[in-house]
file final11.pdb (PDB, C-alpha atoms)
ATOM      1  CA  VAL A1349       0.445 -25.297 -16.243
ATOM      2  CA  LEU A1350       0.289 -28.731 -17.807
ATOM      3  CA  SER A1351       0.438 -27.770 -21.465
ATOM      4  CA  VAL A1352       0.277 -24.920 -23.945
ATOM      5  CA  ASP A1353      -1.353 -25.296 -27.345
ATOM      6  CA  PRO A1354      -0.104 -22.319 -29.370
ATOM      7  CA  GLU A1355      -2.206 -23.219 -32.424
ATOM      8  CA  GLN A1356      -5.487 -23.356 -30.483
ATOM      9  CA  LYS A1357      -4.237 -20.646 -28.075
ATOM     10  CA  ILE A1358      -5.120 -22.647 -24.980
ATOM     11  CA  VAL A1359      -3.248 -23.122 -21.708
ATOM     12  CA  LYS A1360      -4.259 -26.195 -19.686
ATOM     13  CA  THR A1361      -3.686 -26.232 -15.934
ATOM     14  CA  ASP A1362      -3.939 -28.966 -13.333
ATOM     15  CA  HIS A1363      -6.273 -27.094 -10.964
ATOM     16  CA  ALA A1364      -7.888 -24.167 -12.766
ATOM     17  CA  GLY A1365      -8.897 -25.769 -16.068
ATOM     18  CA  GLU A1366      -8.241 -24.217 -19.469
ATOM     19  CA  PHE A1367      -7.540 -20.638 -20.432
ATOM     20  CA  HIS A1368      -7.808 -19.167 -23.916
ATOM     21  CA  PHE A1369      -5.366 -16.427 -24.837
ATOM     22  CA  GLU A1370      -4.630 -13.967 -27.618
ATOM     23  CA  GLN A1371      -1.006 -13.482 -26.595
ATOM     24  CA  LEU A1372       1.021 -15.463 -24.098
ATOM     25  CA  LEU A1373       3.999 -14.317 -22.031
ATOM     26  CA  ILE A1374       5.917 -17.028 -20.219
ATOM     27  CA  ALA A1375       7.769 -15.472 -17.274
ATOM     28  CA  THR A1376       9.338 -18.212 -15.207
ATOM     29  CA  GLY A1377      11.456 -15.948 -13.023
ATOM     30  CA  CYS A1378      15.078 -16.489 -12.233
ATOM     31  CA  SER A1379      17.949 -15.615  -9.994
ATOM     32  CA  PRO A1380      21.227 -14.281 -11.313
ATOM     33  CA  ARG A1381      23.896 -16.943 -11.370
ATOM     34  CA  LYS A1382      27.329 -15.775 -10.278
ATOM     35  CA  ILE A1383      29.965 -16.497 -12.881
ATOM     36  CA  ASP A1384      32.686 -18.822 -11.648
ATOM     37  CA  ILE A1385      35.759 -17.286 -13.251
ATOM     38  CA  PRO A1386      38.849 -15.544 -11.892
ATOM     39  CA  GLY A1387      38.074 -11.907 -11.161
ATOM     40  CA  ASN A1388      34.345 -12.385 -10.636
ATOM     41  CA  HIS A1389      34.590 -10.269  -7.475
ATOM     42  CA  LEU A1390      36.132  -7.222  -9.132
ATOM     43  CA  THR A1391      34.558  -3.770  -9.204
ATOM     44  CA  GLY A1392      32.475  -3.242 -12.312
ATOM     45  CA  ILE A1393      30.861  -6.681 -12.415
ATOM     46  CA  HIS A1394      27.131  -6.398 -11.808
ATOM     47  CA  TYR A1395      24.368  -8.935 -11.239
ATOM     48  CA  PHE A1396      20.735  -7.966 -11.051
ATOM     49  CA  LYS A1397      17.209  -9.280 -10.965
ATOM     50  CA  THR A1398      15.061  -6.340  -9.889
ATOM     51  CA  ILE A1399      14.853  -2.709 -10.893
ATOM     52  CA  LEU A1400      16.580  -1.781  -7.624
ATOM     53  CA  ASP A1401      19.521  -3.993  -8.584
ATOM     54  CA  ALA A1402      19.770  -2.136 -11.891
ATOM     55  CA  GLU A1403      20.617   1.278 -10.405
ATOM     56  CA  PRO A1404      24.374   0.547  -9.993
ATOM     57  CA  VAL A1405      24.405  -0.772 -13.563
ATOM     58  CA  ILE A1406      22.750   2.396 -14.857
ATOM     59  CA  GLN A1407      25.333   4.520 -13.050
ATOM     60  CA  ALA A1408      28.210   2.397 -14.396
ATOM     61  CA  ILE A1409      26.887   2.626 -17.962
ATOM     62  CA  LYS A1410      27.082   6.415 -17.786
ATOM     63  CA  LYS A1411      30.877   6.114 -17.439
ATOM     64  CA  ALA A1412      31.444   3.091 -19.681
ATOM     65  CA  ARG A1413      32.951   2.908 -23.142
ATOM     66  CA  ASN A1414      32.989  -0.879 -23.513
ATOM     67  CA  VAL A1415      30.623  -3.378 -21.904
ATOM     68  CA  ILE A1416      30.373  -7.157 -21.926
ATOM     69  CA  ILE A1417      27.007  -8.752 -21.230
ATOM     70  CA  PHE A1418      27.322 -12.293 -19.947
ATOM     71  CA  GLY A1419      24.064 -14.124 -20.582
ATOM     72  CA  GLY A1420      21.204 -13.745 -23.000
ATOM     73  CA  SER A1421      18.142 -13.191 -20.863
ATOM     74  CA  PHE A1422      15.454 -10.699 -21.796
ATOM     75  CA  VAL A1423      17.004  -8.214 -19.385
ATOM     76  CA  GLY A1424      20.456  -8.730 -20.919
ATOM     77  CA  ILE A1425      19.056  -8.089 -24.385
ATOM     78  CA  GLU A1426      17.304  -4.936 -23.179
ATOM     79  CA  ILE A1427      20.559  -3.681 -21.651
ATOM     80  CA  ALA A1428      22.373  -4.432 -24.934
ATOM     81  CA  SER A1429      19.765  -2.402 -26.797
ATOM     82  CA  LEU A1430      20.202   0.504 -24.376
ATOM     83  CA  LEU A1431      23.971   0.375 -24.842
ATOM     84  CA  ILE A1432      23.697   0.405 -28.637
ATOM     85  CA  LYS A1433      21.352   3.408 -28.505
ATOM     86  CA  ASN A1434      23.962   5.207 -26.390
ATOM     87  CA  ASN A1435      26.862   4.292 -28.718
ATOM     88  CA  ILE A1436      28.560   2.078 -26.141
ATOM     89  CA  GLU A1437      30.405  -0.925 -27.537
TER      90      GLU A1437
END

call {"tool": "encode", "arguments": {"input": "final11.pdb", "output": "structure tokens"}}
result
Amino acid sequence: VLSVDPEQKIVKTDHAGEFHFEQLLIATGCSPRKIDIPGNHLTGIHYFKTILDAEPVIQAIKKARNVIIFGGSFVGIEIASLLIKNNIE
């Protein structure tokens, strides 16, 4: 992708030309970045990228009363929403 014109709703690419869109989702992908702080190896610290990585987090949430989310990705925000719905601080 070379450019995005949100007003005209056009994405311009270098090889495939232009695409018109009604809605646009930009999903660049990522890898979890390990936090570099003392204790980052302790039990209860979870990193995940895929749904398979989320299973240990789901199990831990069932037992949790307080949770800290480090980062503000879409996934982190979704987890925060899930926690709020389950009355977990």

call {"tool": "resolve_selection", "arguments": {"input": "final11.pdb", "expression": "the PyMOL selection byres ((chain A and resi 1367) around 12)", "output": "number ranges by chain"}}
result
A: 1349-1354, 1356-1366, 1368-1372

call {"tool": "residues_around", "arguments": {"input": "final11.pdb", "residues": "segment 1408-1415 of chain A", "least_positions_apart": "5", "cutoff": "10 Å", "atoms": "only C-alpha atoms", "output": "list in words"}}
result
Gly1392, Ile1393, His1394, Ala1402, Glu1403, Ile1427, Ala1428, Leu1430, Leu1431, Asn1434, Asn1435, Ile1436 and Glu1437 of chain A

call {"tool": "closest_residue", "arguments": {"input": "final11.pdb", "among": "A:Ser1429, A:Glu1355, A:Leu1373, A:Gly1424", "to": "Phe1396 of chain A", "atoms": "all atoms listed in the file"}}
result
A:Gly1424

call {"tool": "atom_distance", "arguments": {"input": "final11.pdb", "atom1": "atom CA of Ile1432 of chain A", "atom2": "atom CA of Pro1386 of chain A"}}
result
27.6 Å

call {"tool": "closest_residue", "arguments": {"input": "final11.pdb", "among": "A:Ile1385, A:Ser1421, A:Ile1374, A:Ile1416", "to": "Lys1397 of chain A", "atoms": "all atoms listed in the file"}}
result
A:Ser1421

call {"tool": "atom_distance", "arguments": {"input": "final11.pdb", "atom1": "atom CA of Ser1379 of chain A", "atom2": "atom CA of Lys1433 of chain A"}}
result
26.8 Å

call {"tool": "atom_distance", "arguments": {"input": "final11.pdb", "atom1": "atom CA of Arg1381 of chain A", "atom2": "atom CA of Glu1426 of chain A"}}
result
18.1 Å

call {"tool": "decode", "arguments": {"input": "final11.pdb", "residues": "chain A", "atoms": "C-alpha atoms", "output": "mmCIF file, in the first residue's frame"}}
result
data_model
loop_
_atom_site.group_PDB
_atom_site.id
_atom_site.type_symbol
_atom_site.label_atom_id
_atom_site.label_comp_id
_atom_site.auth_asym_id
_atom_site.auth_seq_id
_atom_site.Cartn_x
_atom_site.Cartn_y
_atom_site.Cartn_z
ATOM 1 C CA VAL A 1349 0.000 0.000 0.000
ATOM 2 C CA LEU A 1350 1.349 3.377 -1.019
ATOM 3 C CA SER A 1351 -1.406 5.595 0.329
ATOM 4 C CA VAL A 1352 -4.886 5.689 1.806
ATOM 5 C CA ASP A 1353 -7.342 8.460 1.004
ATOM 6 C CA PRO A 1354 -10.033 8.199 3.691
ATOM 7 C CA GLU A 1355 -12.130 11.012 2.191
ATOM 8 C CA GLN A 1356 -12.300 9.425 -1.273
ATOM 9 C CA LYS A 1357 -12.186 5.917 0.269
ATOM 10 C CA ILE A 1358 -9.370 4.753 -1.986
ATOM 11 C CA VAL A 1359 -6.306 2.633 -1.245
ATOM 12 C CA LYS A 1360 -3.449 2.971 -3.751
ATOM 13 C CA THR A 1361 -0.957 0.132 -4.135
ATOM 14 C CA ASP A 1362 2.336 -0.150 -5.971
ATOM 15 C CA HIS A 1363 1.457 -3.291 -7.954
ATOM 16 C CA ALA A 1364 -2.300 -3.847 -7.919
ATOM 17 C CA GLY A 1365 -3.595 -0.339 -8.631
ATOM 18 C CA GLU A 1366 -6.383 1.333 -6.671
ATOM 19 C CA PHE A 1367 -9.091 -0.159 -4.511
ATOM 20 C CA HIS A 1368 -12.271 1.579 -3.394
ATOM 21 C CA PHE A 1369 -13.633 0.681 0.020
ATOM 22 C CA GLU A 1370 -16.639 1.303 2.235
ATOM 23 C CA GLN A 1371 -14.805 0.402 5.436
ATOM 24 C CA LEU A 1372 -11.104 -0.156 5.951
ATOM 25 C CA LEU A 1373 -9.382 -2.316 8.563
ATOM 26 C CA ILE A 1374 -5.636 -1.889 8.877
ATOM 27 C CA ALA A 1375 -4.158 -5.047 10.416
ATOM 28 C CA THR A 1376 -0.392 -4.816 10.344
ATOM 29 C CA GLY A 1377 0.268 -7.823 12.560
ATOM 30 C CA CYS A 1378 2.663 -7.893 15.440
ATOM 31 C CA SER A 1379 4.626 -10.019 17.817
ATOM 32 C CA PRO A 1380 4.347 -9.672 21.567
ATOM 33 C CA ARG A 1381 7.277 -7.794 23.017
ATOM 34 C CA LYS A 1382 8.603 -9.193 26.277
ATOM 35 C CA ILE A 1383 8.690 -6.586 29.005
ATOM 36 C CA ASP A 1384 12.176 -5.914 30.320
ATOM 37 C CA ILE A 1385 11.502 -5.487 34.026
ATOM 38 C CA PRO A 1386 12.448 -7.474 37.123
ATOM 39 C CA GLY A 1387 10.067 -10.388 37.575
ATOM 40 C CA ASN A 1388 9.099 -10.690 33.917
ATOM 41 C CA HIS A 1389 9.631 -14.457 34.160
ATOM 42 C CA LEU A 1390 7.237 -15.030 37.048
ATOM 43 C CA THR A 1391 4.164 -17.251 36.901
ATOM 44 C CA GLY A 1392 1.069 -15.302 35.952
ATOM 45 C CA ILE A 1393 2.658 -13.127 33.271
ATOM 46 C CA HIS A 1394 1.220 -13.976 29.870
ATOM 47 C CA TYR A 1395 2.097 -12.953 26.323
ATOM 48 C CA PHE A 1396 -0.015 -13.909 23.358
ATOM 49 C CA LYS A 1397 -0.587 -13.331 19.682
ATOM 50 C CA THR A 1398 -2.878 -16.143 18.561
ATOM 51 C CA ILE A 1399 -6.038 -17.685 19.931
ATOM 52 C CA LEU A 1400 -3.994 -20.700 21.052
ATOM 53 C CA ASP A 1401 -1.787 -18.398 23.125
ATOM 54 C CA ALA A 1402 -4.903 -17.014 24.806
ATOM 55 C CA GLU A 1403 -5.988 -20.281 26.459
ATOM 56 C CA PRO A 1404 -3.629 -19.931 29.481
ATOM 57 C CA VAL A 1405 -4.828 -16.341 29.874
ATOM 58 C CA ILE A 1406 -8.466 -17.443 29.840
ATOM 59 C CA GLN A 1407 -7.734 -20.046 32.512
ATOM 60 C CA ALA A 1408 -5.844 -17.505 34.651
ATOM 61 C CA ILE A 1409 -8.679 -14.973 34.385
ATOM 62 C CA LYS A 1410 -11.074 -17.503 35.897
ATOM 63 C CA LYS A 1411 -9.031 -17.375 39.125
ATOM 64 C CA ALA A 1412 -8.052 -13.697 39.066
ATOM 65 C CA ARG A 1413 -9.326 -10.832 41.176
ATOM 66 C CA ASN A 1414 -6.947 -8.140 39.921
ATOM 67 C CA VAL A 1415 -5.310 -7.922 36.500
ATOM 68 C CA ILE A 1416 -2.854 -5.519 34.907
ATOM 69 C CA ILE A 1417 -2.803 -5.225 31.129
ATOM 70 C CA PHE A 1418 0.507 -3.950 29.822
ATOM 71 C CA GLY A 1419 -0.023 -2.473 26.370
ATOM 72 C CA GLY A 1420 -2.942 -1.004 24.503
ATOM 73 C CA SER A 1421 -3.373 -3.169 21.440
ATOM 74 C CA PHE A 1422 -6.781 -4.176 20.144
ATOM 75 C CA VAL A 1423 -6.382 -7.528 21.875
ATOM 76 C CA GLY A 1424 -5.452 -5.833 25.161
ATOM 77 C CA ILE A 1425 -8.542 -3.642 24.951
ATOM 78 C CA GLU A 1426 -10.733 -6.668 24.234
ATOM 79 C CA ILE A 1427 -9.284 -8.467 27.261
ATOM 80 C CA ALA A 1428 -9.933 -5.362 29.399
ATOM 81 C CA SER A 1429 -13.541 -5.355 28.228
ATOM 82 C CA LEU A 1430 -13.903 -9.042 29.106
ATOM 83 C CA LEU A 1431 -12.469 -8.398 32.565
ATOM 84 C CA ILE A 1432 -14.852 -5.507 33.226
ATOM 85 C CA LYS A 1433 -17.830 -7.640 32.174
ATOM 86 C CA ASN A 1434 -16.683 -10.272 34.680
ATOM 87 C CA ASN A 1435 -16.188 -7.741 37.510
ATOM 88 C CA ILE A 1436 -12.424 -8.230 37.627
ATOM 89 C CA GLU A 1437 -10.409 -5.149 38.527
#
